[in-house]
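One structure is given here, and the rest of the page talks about it.
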Amino acid sequence: MAIEEIRAIEAIVMQADDPIEPHMLAQLLEVSPARVEELCAELAESYEAEDRGFVLVRVAGGYRFQSHPDLAPYVERFVREGQPARMSAAALETLAIVAYKQPVSRAQVASIRGVNAEAVMRTLEQRGYIEEIGHDPGPGQALLYGTTQGFLEKLGLDSLEDLPPLGEFVPGPEVAEALEAGLSADGD
Amino acid sequence: MAIEEIRAIEAIVMQADDPIEPHMLAQLLEVSPARVEELCAELAESYEAEDRGFVLVRVAGGYRFQSHPDLAPYVERFVREGQPARMSAAALETLAIVAYKQPVSRAQVASIRGVNAEAVMRTLEQRGYIEEIGHDPGPGQALLYGTTQGFLEKLGLDSLEDLPPLGEFVPGPEVAEALEAGLSADGD
Amino acid sequence: MSYQVATPVFEGPFDLLLHLITKEQVDIYEVSISTIVDAYILELERMQSLDLEMATEFLLIAAILVELKTRRLLPGRDDVDLDEEFGLWEERDLLLARLLECQTFKQAARELERLGDRASHSYPRRAGLDEAFLALAPDLLAGITAEKLRAACVRVLAPKPPPPIVDTEHIAPIRISVQEVVEGLAARLPRLGRATFRELTVDAPDRLTVIASFLGVLELVKQGLADLEQATNFGELLVIWIGDEGASLDALAVEDYAG
C-alpha cells in the first residue's frame with residue numbers, strides 16, 4: 001500500500017504543465033522539501049524498476065513526467081508539430097557563450113565570436129533559449145542576457161550548475177601548440 | 001518485464017495533451033484496436049493494484065491519465081495555491097496580439113513580441129481564451145491560433161469587430177511615459 | 001588570381017583561421033595573403049550584403065597576420081624597434097588567446113547540442129489541468145477590458161525606444177566610410193597605374209583606415225576595376241588598376257559596404 005504523500009505527488013505532477021518545484025510540493029503536502037526529494041527519488045526508481053514507459057525527472061528546478069527515451073520512435077510518430085529545426089553551429093556557439101558567460105551583453109558575445117551576434121541572439125530569444133536579464137551597471141547600460149527555464153528544459157538540465165565545467169572544453173595541449181606554432185614569430 | 005506495446009502506450013498517453021483514441025494508438029503500435037483496449041484495461045488495472053496516485057481513464061472517446069479522484073483535495077489546493085491568480089503582462093500582451101492579429105502562429109507571436117510565446121500561449125489555450133483555428137497553408141503547416149467564443153463572452157463583446165480599433169500609432173500618455181522611462185538612466 | 005580555392009563557408013575570421021591552422025596543419029606564414037584574400041572574396045560573393053563589422057574583424061586579423069609575416073621577412077633584425085616588436089608579440093598572444101577561447105566555445109556548443117539531442121528523446125507531459133480542475137482556476141480575464149487589451153496590443157506594436165546608449169564597449173566605432181575610401185582609390189589608382197598596398201596606406205592615421213582601404217581595394221577587385229598581385233609568397237601586395245580611364249563606380253555595390 002503506497003503512502004498518501006507518494007500518491008499525492010503522482011496526482012499533482014500529473015496535472016502540472018511545468019516542472020513543479022519541490023518547495024511547492026512540500027507546501028501542498030505539508031512535509032519538508034527534503035522529504036519531497038526523497039519521495040520523488042523513490043517514485044522515479046519504482047517506475048524504473050517496473051519498466052514503465054514514462055519517467056519522473058528532475059529538470060529546470062522541478063519534477064515532471066516525461067515519456068521514456070526508449071520509446072521516442074513511437075512518440076515521434078504521434079507528435080504533430082515536427083521537432084523544431086536543428087540549431088545552426090552559429091546559434092549553438094552563441095548559446096554556449098551566453099550559457100557560460102551570463103550575464104553577458106551582445107557586444108561581449110560578438111567580441112568572443114568575432115562576428116556580429118545580433119541576428120543570432122534575436123533568434124535564440126524568440127525560440128526561448130535566452131532572455132534579457134538586466135542592464136550593465138556601467139556607463140553603457142548594455143542589455144545583459146542569460147539563459148531561460150526553457151533552455152534548461154530543452155537540455156534536460158536541473159540547473160545551470162549541471163552544465164559541464166567550461167574547463168573541460170579548453171583545447172588540449174596539441175591544439176594549443178598547433179595554434180601557437182601557427183602564430184609563432186619564428187614560424188616553424 | 002513489461003512488453004513493448006504496454007510501454008509505448010504509457011509513453012504516448014503520458015505526453016499527449018488530449019485523450020488519445022484507441023484507433024490512433026492501434027495505428028502507432030501496429031496492432032488492432034481491440035488489442036489496444038485490452039492493453040489499456042491491463043494498464044488501468046495495474047495502476048489500481050499498485051495504488052498509484054493516477055488513473056488511466058477512457059474519456060471523450062480516448063485514453064488519458066488523470067489524477068486519482070481520492071487525491072482531488074491535493075490537486076485543488078495546487079490549483080488555488082500553485083497557479084497564477086492574475087494575468088501577467090506577458091500573457092496579456094500575447095492575448096492581445098492573438099486577438100488583433102488572428103489567425104496567427106506561435107512563431108509569428110514570438111516574432112512580434114521578440115520573445116518566445118510557447119509557455120504563455122499554452123496557458124492561454126488551457127484556460128480556454130485562445131484555440132487552434134487552422135493550419136498555415138505554407139510549408140511547415142504551422143498551427144494558427146485565434147480567440148475563443150468564451151473570450152468574447154468574458155469581455156462582453158458580440159464579435160471580434162467589437163474590439164476597439166488599434167487606430168494610428170499615436171502613443172497614449174501611458175505609452176509616452178513608458179518610453180520616457182525607458183530612455184531614463186535606470187530603464188526599468 | 002585564382003578563384004579555385006575550395007573553402008568551406010566560414011562563419012567568421014576565427015573560423016577561417018582555426019581552419020587554416022588546425023585542419024590544414026599549415027604554418028600561417030606559409031598561407032599567402034592571396035589565399036586569405038581569395039577566401040575572403042568567396043565569402044563576399046556568398047553574402048547578400050556585407051556585414052561591415054565582420055569584415056572589419058576579419059581584416060583586423062588579416063592585418064595582424066600580414067604584419068607578423070612582413071616582420072618575419074625583414075632581412076636583418078637590428079633595425080627592429082623593440083617597442084613595436086613587443087606590441088606585435090602582445091597582439092599575437094591576444095590573437096592566440098582569442099582563438100583558444102573561440103575553440104573552447106565551439107567544443108562547449110557541441111556538448112550543448114549533445115545534451116539537447118539526448119533530452120529530445122524524452123517528451124514532457126504538458127497536458128495541464130483537467131477540465132474539472134480548470135473550473136477552479138482563477139479567471140485570468142477578471143478585470144481585463146477590451147480597452148486594456150487594445151492598450152496592450154499598441155504597447156507591443158509601438159516602436160521600441162532605442163536602447164539607452166548603444167553598447168559599443170568592445171567594438172571600436174567605424175569612423176571611416178568605405179565608400180569614401182573606394183572613391184579616393186578610384187581617383188588615385190588610374191594615375192598611379194600600380195601601387196603596393198603599403199604605398200597606398202602609408203599615411204593612414206590608424207589601423208581602421210588601413211582596414212577600410214583593404215576593403216576598398218577588394219571592392220575595386222570585385223567590380224573588375226583593379227587586380228591584385230603578389231610576386232612571391234612573401235612579397236608585397238600589389239594593386240593594379242585595370243579599369244578604363246573614366247570608369248564609373250557601381251554605386252549600388254559600394255552602398256552595400258556603407259549601409
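Chain identifiers are assigned as A, B, and so on, following the order in which chains appear in the C-alpha cells; residues are numbered from 1 within each chain, and ligands are numbered from 1 in order of appearance.
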
Residues of chain C within 7 Å of chain B: nearest atom pair and distance (Å, one decimal) for each, counting only C-alpha atoms, sorted by chain and number, as CSV?
```
residue,atom,partner,partner_atom,distance
C:Tyr123,CA,B:Gln15,CA,5.9
C:Pro124,CA,B:Gln15,CA,5.6
C:Arg125,CA,B:Gln15,CA,4.2
C:Arg126,CA,B:Asp17,CA,6.3
C:Ala127,CA,B:Asp17,CA,4.1
C:Phe133,CA,B:Glu76,CA,6.7
C:Leu136,CA,B:Val79,CA,6.8
C:Ala137,CA,B:Val79,CA,5.7
C:Pro138,CA,B:Ala85,CA,5.3
C:Leu140,CA,B:Met87,CA,5.1
C:Thr145,CA,B:Leu155,CA,6.1
C:Ala146,CA,B:Leu163,CA,6.3
C:Glu147,CA,B:Pro164,CA,6.6
C:Leu149,CA,B:Ala96,CA,5.3
C:Arg150,CA,B:Leu166,CA,6.3
C:Ala152,CA,B:Glu93,CA,5.2
C:Cys153,CA,B:Ala96,CA,5.1
C:Val154,CA,B:Leu166,CA,6.7
C:Arg155,CA,B:Val175,CA,6.8
C:Val156,CA,B:Arg113,CA,6.4
C:Ala158,CA,B:Phe169,CA,6.7
C:Pro161,CA,B:Leu179,CA,5.9
C:Pro164,CA,B:Leu183,CA,5.4
```

Exercise for the section: Using DSSP on the backbone coordinates, identify all residues within chain B classified as helix (DSSP H, G or I); present the result as number ranges by chain. Expected result: B: 4-15, 22-29, 33-49, 69-82, 89-101, 106-113, 118-126, 149-155, 160-162, 173-183

Completion exercise
With distances taken over only C-alpha atoms, the candidate from C:Glu219, C:Thr104, C:Ser122, C:Gly128 nearest Ile20 in chain A is C:Gly128

Least-squares align chain B to chain A using all Cα atoms paired by position, then dump the moved coordinates as a PDB file with C-alpha atoms, in the first residue's frame.
```pdb
ATOM      1  CA  MET B   1     -14.803  17.212 -16.125  1.00  0.00           C
ATOM      2  CA  ALA B   2     -11.444  17.558 -14.403  1.00  0.00           C
ATOM      3  CA  ILE B   3     -11.230  19.934 -11.511  1.00  0.00           C
ATOM      4  CA  GLU B   4      -9.205  23.100 -11.862  1.00  0.00           C
ATOM      5  CA  GLU B   5      -6.518  22.109  -9.330  1.00  0.00           C
ATOM      6  CA  ILE B   6      -5.780  18.863 -11.133  1.00  0.00           C
ATOM      7  CA  ARG B   7      -5.445  20.672 -14.432  1.00  0.00           C
ATOM      8  CA  ALA B   8      -3.237  23.367 -12.894  1.00  0.00           C
ATOM      9  CA  ILE B   9      -0.881  20.716 -11.491  1.00  0.00           C
ATOM     10  CA  GLU B  10      -0.623  19.089 -14.917  1.00  0.00           C
ATOM     11  CA  ALA B  11       0.097  22.466 -16.531  1.00  0.00           C
ATOM     12  CA  ILE B  12       2.753  23.548 -14.045  1.00  0.00           C
ATOM     13  CA  VAL B  13       4.554  20.224 -13.876  1.00  0.00           C
ATOM     14  CA  MET B  14       4.455  19.862 -17.670  1.00  0.00           C
ATOM     15  CA  GLN B  15       6.376  23.066 -18.335  1.00  0.00           C
ATOM     16  CA  ALA B  16       8.772  22.832 -15.381  1.00  0.00           C
ATOM     17  CA  ASP B  17      12.411  21.893 -15.995  1.00  0.00           C
ATOM     18  CA  ASP B  18      12.922  20.375 -12.559  1.00  0.00           C
ATOM     19  CA  PRO B  19      10.824  18.371 -10.106  1.00  0.00           C
ATOM     20  CA  ILE B  20       8.387  20.651  -8.289  1.00  0.00           C
ATOM     21  CA  GLU B  21       7.997  20.384  -4.551  1.00  0.00           C
ATOM     22  CA  PRO B  22       4.487  19.832  -3.193  1.00  0.00           C
ATOM     23  CA  HIS B  23       4.705  22.901  -0.979  1.00  0.00           C
ATOM     24  CA  MET B  24       5.434  25.019  -4.067  1.00  0.00           C
ATOM     25  CA  LEU B  25       2.416  23.563  -5.860  1.00  0.00           C
ATOM     26  CA  ALA B  26       0.346  24.108  -2.713  1.00  0.00           C
ATOM     27  CA  GLN B  27       1.340  27.759  -2.673  1.00  0.00           C
ATOM     28  CA  LEU B  28       0.545  28.267  -6.356  1.00  0.00           C
ATOM     29  CA  LEU B  29      -2.820  26.532  -6.056  1.00  0.00           C
ATOM     30  CA  GLU B  30      -3.664  27.957  -2.637  1.00  0.00           C
ATOM     31  CA  VAL B  31      -4.420  24.546  -1.165  1.00  0.00           C
ATOM     32  CA  SER B  32      -2.653  22.499   1.509  1.00  0.00           C
ATOM     33  CA  PRO B  33       0.429  20.401   0.706  1.00  0.00           C
ATOM     34  CA  ALA B  34      -1.514  17.355   1.818  1.00  0.00           C
ATOM     35  CA  ARG B  35      -4.188  18.140  -0.752  1.00  0.00           C
ATOM     36  CA  VAL B  36      -1.475  18.432  -3.411  1.00  0.00           C
ATOM     37  CA  GLU B  37      -0.138  14.985  -2.531  1.00  0.00           C
ATOM     38  CA  GLU B  38      -3.658  13.603  -2.781  1.00  0.00           C
ATOM     39  CA  LEU B  39      -4.278  15.184  -6.183  1.00  0.00           C
ATOM     40  CA  CYS B  40      -0.904  14.076  -7.542  1.00  0.00           C
ATOM     41  CA  ALA B  41      -1.571  10.510  -6.421  1.00  0.00           C
ATOM     42  CA  GLU B  42      -4.921  10.685  -8.191  1.00  0.00           C
ATOM     43  CA  LEU B  43      -3.272  11.983 -11.356  1.00  0.00           C
ATOM     44  CA  ALA B  44      -0.554   9.324 -11.293  1.00  0.00           C
ATOM     45  CA  GLU B  45      -3.222   6.664 -10.971  1.00  0.00           C
ATOM     46  CA  SER B  46      -5.259   8.035 -13.845  1.00  0.00           C
ATOM     47  CA  TYR B  47      -2.229   7.932 -16.181  1.00  0.00           C
ATOM     48  CA  GLU B  48      -1.590   4.369 -15.071  1.00  0.00           C
ATOM     49  CA  ALA B  49      -5.234   3.405 -15.627  1.00  0.00           C
ATOM     50  CA  GLU B  50      -5.240   4.988 -19.073  1.00  0.00           C
ATOM     51  CA  ASP B  51      -2.031   3.201 -19.913  1.00  0.00           C
ATOM     52  CA  ARG B  52      -0.281   6.451 -20.857  1.00  0.00           C
ATOM     53  CA  GLY B  53       3.279   6.505 -22.187  1.00  0.00           C
ATOM     54  CA  PHE B  54       4.347   8.780 -19.331  1.00  0.00           C
ATOM     55  CA  VAL B  55       4.167   8.673 -15.563  1.00  0.00           C
ATOM     56  CA  LEU B  56       3.970  11.286 -12.836  1.00  0.00           C
ATOM     57  CA  VAL B  57       6.624  10.436 -10.269  1.00  0.00           C
ATOM     58  CA  ARG B  58       7.848  11.793  -6.999  1.00  0.00           C
ATOM     59  CA  VAL B  59      11.595  12.272  -7.297  1.00  0.00           C
ATOM     60  CA  ALA B  60      14.171  14.429  -5.526  1.00  0.00           C
ATOM     61  CA  GLY B  61      11.474  15.790  -3.243  1.00  0.00           C
ATOM     62  CA  GLY B  62       9.149  16.893  -6.037  1.00  0.00           C
ATOM     63  CA  TYR B  63       6.871  15.819  -8.849  1.00  0.00           C
ATOM     64  CA  ARG B  64       7.761  15.508 -12.482  1.00  0.00           C
ATOM     65  CA  PHE B  65       6.692  13.767 -15.658  1.00  0.00           C
ATOM     66  CA  GLN B  66       8.865  10.968 -16.987  1.00  0.00           C
ATOM     67  CA  SER B  67       8.461   8.564 -19.819  1.00  0.00           C
ATOM     68  CA  HIS B  68       7.069   5.157 -18.771  1.00  0.00           C
ATOM     69  CA  PRO B  69       9.884   2.698 -17.932  1.00  0.00           C
ATOM     70  CA  ASP B  70       8.342   0.222 -20.404  1.00  0.00           C
ATOM     71  CA  LEU B  71       9.152   2.561 -23.232  1.00  0.00           C
ATOM     72  CA  ALA B  72      12.804   3.156 -22.352  1.00  0.00           C
ATOM     73  CA  PRO B  73      13.996   1.366 -25.525  1.00  0.00           C
ATOM     74  CA  TYR B  74      12.231   3.984 -27.675  1.00  0.00           C
ATOM     75  CA  VAL B  75      13.635   6.883 -25.679  1.00  0.00           C
ATOM     76  CA  GLU B  76      17.123   5.341 -25.767  1.00  0.00           C
ATOM     77  CA  ARG B  77      16.857   5.106 -29.507  1.00  0.00           C
ATOM     78  CA  PHE B  78      15.809   8.755 -29.593  1.00  0.00           C
ATOM     79  CA  VAL B  79      18.844   9.719 -27.508  1.00  0.00           C
ATOM     80  CA  ARG B  80      21.166   7.876 -29.870  1.00  0.00           C
ATOM     81  CA  GLU B  81      19.577   8.845 -33.184  1.00  0.00           C
ATOM     82  CA  GLY B  82      17.836  12.110 -32.474  1.00  0.00           C
ATOM     83  CA  GLN B  83      20.469  14.026 -30.543  1.00  0.00           C
ATOM     84  CA  PRO B  84      23.486  15.828 -31.962  1.00  0.00           C
ATOM     85  CA  ALA B  85      26.569  13.649 -31.639  1.00  0.00           C
ATOM     86  CA  ARG B  86      29.071  16.475 -31.987  1.00  0.00           C
ATOM     87  CA  MET B  87      29.458  19.932 -30.543  1.00  0.00           C
ATOM     88  CA  SER B  88      28.271  22.452 -33.117  1.00  0.00           C
ATOM     89  CA  ALA B  89      30.371  25.530 -33.816  1.00  0.00           C
ATOM     90  CA  ALA B  90      27.642  27.663 -32.238  1.00  0.00           C
ATOM     91  CA  ALA B  91      27.656  25.488 -29.100  1.00  0.00           C
ATOM     92  CA  LEU B  92      31.443  25.567 -28.811  1.00  0.00           C
ATOM     93  CA  GLU B  93      31.536  29.344 -29.170  1.00  0.00           C
ATOM     94  CA  THR B  94      28.813  29.752 -26.576  1.00  0.00           C
ATOM     95  CA  LEU B  95      30.580  27.416 -24.170  1.00  0.00           C
ATOM     96  CA  ALA B  96      33.831  29.328 -24.722  1.00  0.00           C
ATOM     97  CA  ILE B  97      32.155  32.665 -23.943  1.00  0.00           C
ATOM     98  CA  VAL B  98      30.613  31.267 -20.763  1.00  0.00           C
ATOM     99  CA  ALA B  99      33.948  29.744 -19.722  1.00  0.00           C
ATOM    100  CA  TYR B 100      35.950  32.937 -20.214  1.00  0.00           C
ATOM    101  CA  LYS B 101      33.352  35.541 -19.292  1.00  0.00           C
ATOM    102  CA  GLN B 102      31.589  33.888 -16.359  1.00  0.00           C
ATOM    103  CA  PRO B 103      29.446  34.849 -14.563  1.00  0.00           C
ATOM    104  CA  VAL B 104      27.491  35.853 -17.642  1.00  0.00           C
ATOM    105  CA  SER B 105      23.801  36.141 -18.509  1.00  0.00           C
ATOM    106  CA  ARG B 106      22.081  34.698 -21.566  1.00  0.00           C
ATOM    107  CA  ALA B 107      21.483  38.214 -22.871  1.00  0.00           C
ATOM    108  CA  GLN B 108      25.188  39.031 -22.536  1.00  0.00           C
ATOM    109  CA  VAL B 109      26.164  35.896 -24.445  1.00  0.00           C
ATOM    110  CA  ALA B 110      23.612  36.784 -27.136  1.00  0.00           C
ATOM    111  CA  SER B 111      24.996  40.274 -27.346  1.00  0.00           C
ATOM    112  CA  ILE B 112      28.612  39.053 -27.654  1.00  0.00           C
ATOM    113  CA  ARG B 113      27.732  36.463 -30.298  1.00  0.00           C
ATOM    114  CA  GLY B 114      25.148  38.642 -32.025  1.00  0.00           C
ATOM    115  CA  VAL B 115      22.656  35.802 -32.151  1.00  0.00           C
ATOM    116  CA  ASN B 116      20.213  34.295 -29.697  1.00  0.00           C
ATOM    117  CA  ALA B 117      21.843  31.860 -27.271  1.00  0.00           C
ATOM    118  CA  GLU B 118      18.782  30.385 -25.582  1.00  0.00           C
ATOM    119  CA  ALA B 119      18.561  26.974 -27.229  1.00  0.00           C
ATOM    120  CA  VAL B 120      22.310  26.379 -27.238  1.00  0.00           C
ATOM    121  CA  MET B 121      22.682  27.343 -23.584  1.00  0.00           C
ATOM    122  CA  ARG B 122      19.783  25.089 -22.628  1.00  0.00           C
ATOM    123  CA  THR B 123      21.552  22.159 -24.283  1.00  0.00           C
ATOM    124  CA  LEU B 124      24.870  22.989 -22.598  1.00  0.00           C
ATOM    125  CA  GLU B 125      23.085  23.233 -19.264  1.00  0.00           C
ATOM    126  CA  GLN B 126      21.285  19.924 -19.730  1.00  0.00           C
ATOM    127  CA  ARG B 127      24.513  18.221 -20.625  1.00  0.00           C
ATOM    128  CA  GLY B 128      25.970  19.502 -17.392  1.00  0.00           C
ATOM    129  CA  TYR B 129      28.671  21.699 -18.924  1.00  0.00           C
ATOM    130  CA  ILE B 130      27.291  24.980 -17.625  1.00  0.00           C
ATOM    131  CA  GLU B 131      25.005  25.883 -14.731  1.00  0.00           C
ATOM    132  CA  GLU B 132      23.235  28.770 -13.072  1.00  0.00           C
ATOM    133  CA  ILE B 133      25.614  30.338 -10.588  1.00  0.00           C
ATOM    134  CA  GLY B 134      23.686  33.386  -9.425  1.00  0.00           C
ATOM    135  CA  HIS B 135      21.560  36.388 -10.230  1.00  0.00           C
ATOM    136  CA  ASP B 136      22.569  39.707 -11.659  1.00  0.00           C
ATOM    137  CA  PRO B 137      22.187  42.197  -8.803  1.00  0.00           C
ATOM    138  CA  GLY B 138      20.883  44.826 -11.239  1.00  0.00           C
ATOM    139  CA  PRO B 139      17.275  45.339 -12.274  1.00  0.00           C
ATOM    140  CA  GLY B 140      15.851  42.329 -14.078  1.00  0.00           C
ATOM    141  CA  GLN B 141      17.878  39.985 -11.872  1.00  0.00           C
ATOM    142  CA  ALA B 142      19.021  38.021 -14.912  1.00  0.00           C
ATOM    143  CA  LEU B 143      20.290  34.510 -14.237  1.00  0.00           C
ATOM    144  CA  LEU B 144      24.064  34.256 -14.475  1.00  0.00           C
ATOM    145  CA  TYR B 145      25.804  31.191 -15.823  1.00  0.00           C
ATOM    146  CA  GLY B 146      29.191  29.613 -15.333  1.00  0.00           C
ATOM    147  CA  THR B 147      30.905  26.353 -16.185  1.00  0.00           C
ATOM    148  CA  THR B 148      30.585  23.263 -13.982  1.00  0.00           C
ATOM    149  CA  GLN B 149      33.063  21.080 -12.140  1.00  0.00           C
ATOM    150  CA  GLY B 150      32.289  18.353 -14.675  1.00  0.00           C
ATOM    151  CA  PHE B 151      33.333  20.684 -17.484  1.00  0.00           C
ATOM    152  CA  LEU B 152      36.717  21.282 -15.843  1.00  0.00           C
ATOM    153  CA  GLU B 153      37.222  17.586 -15.269  1.00  0.00           C
ATOM    154  CA  LYS B 154      36.434  16.650 -18.869  1.00  0.00           C
ATOM    155  CA  LEU B 155      38.909  19.250 -20.095  1.00  0.00           C
ATOM    156  CA  GLY B 156      41.510  18.020 -17.639  1.00  0.00           C
ATOM    157  CA  LEU B 157      41.730  21.362 -15.856  1.00  0.00           C
ATOM    158  CA  ASP B 158      42.128  21.858 -12.115  1.00  0.00           C
ATOM    159  CA  SER B 159      40.531  25.275 -12.080  1.00  0.00           C
ATOM    160  CA  LEU B 160      39.381  28.066 -14.354  1.00  0.00           C
ATOM    161  CA  GLU B 161      42.781  29.701 -13.963  1.00  0.00           C
ATOM    162  CA  ASP B 162      44.185  26.850 -16.023  1.00  0.00           C
ATOM    163  CA  LEU B 163      42.255  27.979 -19.085  1.00  0.00           C
ATOM    164  CA  PRO B 164      44.795  29.203 -21.634  1.00  0.00           C
ATOM    165  CA  PRO B 165      44.957  33.023 -21.561  1.00  0.00           C
ATOM    166  CA  LEU B 166      43.110  34.757 -24.386  1.00  0.00           C
ATOM    167  CA  GLY B 167      46.129  36.990 -24.859  1.00  0.00           C
ATOM    168  CA  GLU B 168      46.283  39.904 -27.210  1.00  0.00           C
ATOM    169  CA  PHE B 169      43.926  39.750 -30.128  1.00  0.00           C
ATOM    170  CA  VAL B 170      46.578  38.755 -32.575  1.00  0.00           C
ATOM    171  CA  PRO B 171      44.619  36.637 -34.990  1.00  0.00           C
ATOM    172  CA  GLY B 172      46.162  33.214 -35.444  1.00  0.00           C
ATOM    173  CA  PRO B 173      46.704  31.829 -38.943  1.00  0.00           C
ATOM    174  CA  GLU B 174      43.270  30.151 -38.996  1.00  0.00           C
ATOM    175  CA  VAL B 175      41.533  33.382 -37.987  1.00  0.00           C
ATOM    176  CA  ALA B 176      43.427  35.374 -40.582  1.00  0.00           C
ATOM    177  CA  GLU B 177      42.356  32.798 -43.126  1.00  0.00           C
ATOM    178  CA  ALA B 178      38.756  33.040 -42.013  1.00  0.00           C
ATOM    179  CA  LEU B 179      38.908  36.798 -42.269  1.00  0.00           C
ATOM    180  CA  GLU B 180      40.264  36.540 -45.759  1.00  0.00           C
ATOM    181  CA  ALA B 181      37.633  34.014 -46.719  1.00  0.00           C
ATOM    182  CA  GLY B 182      35.027  36.379 -45.334  1.00  0.00           C
ATOM    183  CA  LEU B 183      36.341  39.134 -47.551  1.00  0.00           C
ATOM    184  CA  SER B 184      36.459  37.039 -50.682  1.00  0.00           C
ATOM    185  CA  ALA B 185      33.556  37.273 -53.074  1.00  0.00           C
ATOM    186  CA  ASP B 186      31.707  34.128 -52.065  1.00  0.00           C
ATOM    187  CA  GLY B 187      31.992  34.664 -48.304  1.00  0.00           C
ATOM    188  CA  ASP B 188      31.012  31.419 -46.654  1.00  0.00           C
TER     189      ASP B 188
END
```

Practice task
Kindly give the distance, in Å, that separates CA of Ile242 in chain C and CA of Leu200 in chain C, rounded to a single decimal.
Solution key: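 Distance between the two atoms: 16.3 Å.
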
Handout entry: Coordinates-based distance that separates CA of Leu225 in chain C from CA of Gly193 in chain C (Å, one decimal)
Key =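 Separation between CA of Gly193 in chain C and CA of Leu225 in chain C: 11.2 Å.
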
Practice task
Enter the distance from CA of Ala195 in chain C to CA of Val239 in chain C, in Å, rounded to one decimal.
Solution key: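 Separation between CA of Ala195 in chain C and CA of Val239 in chain C: 5.4 Å.
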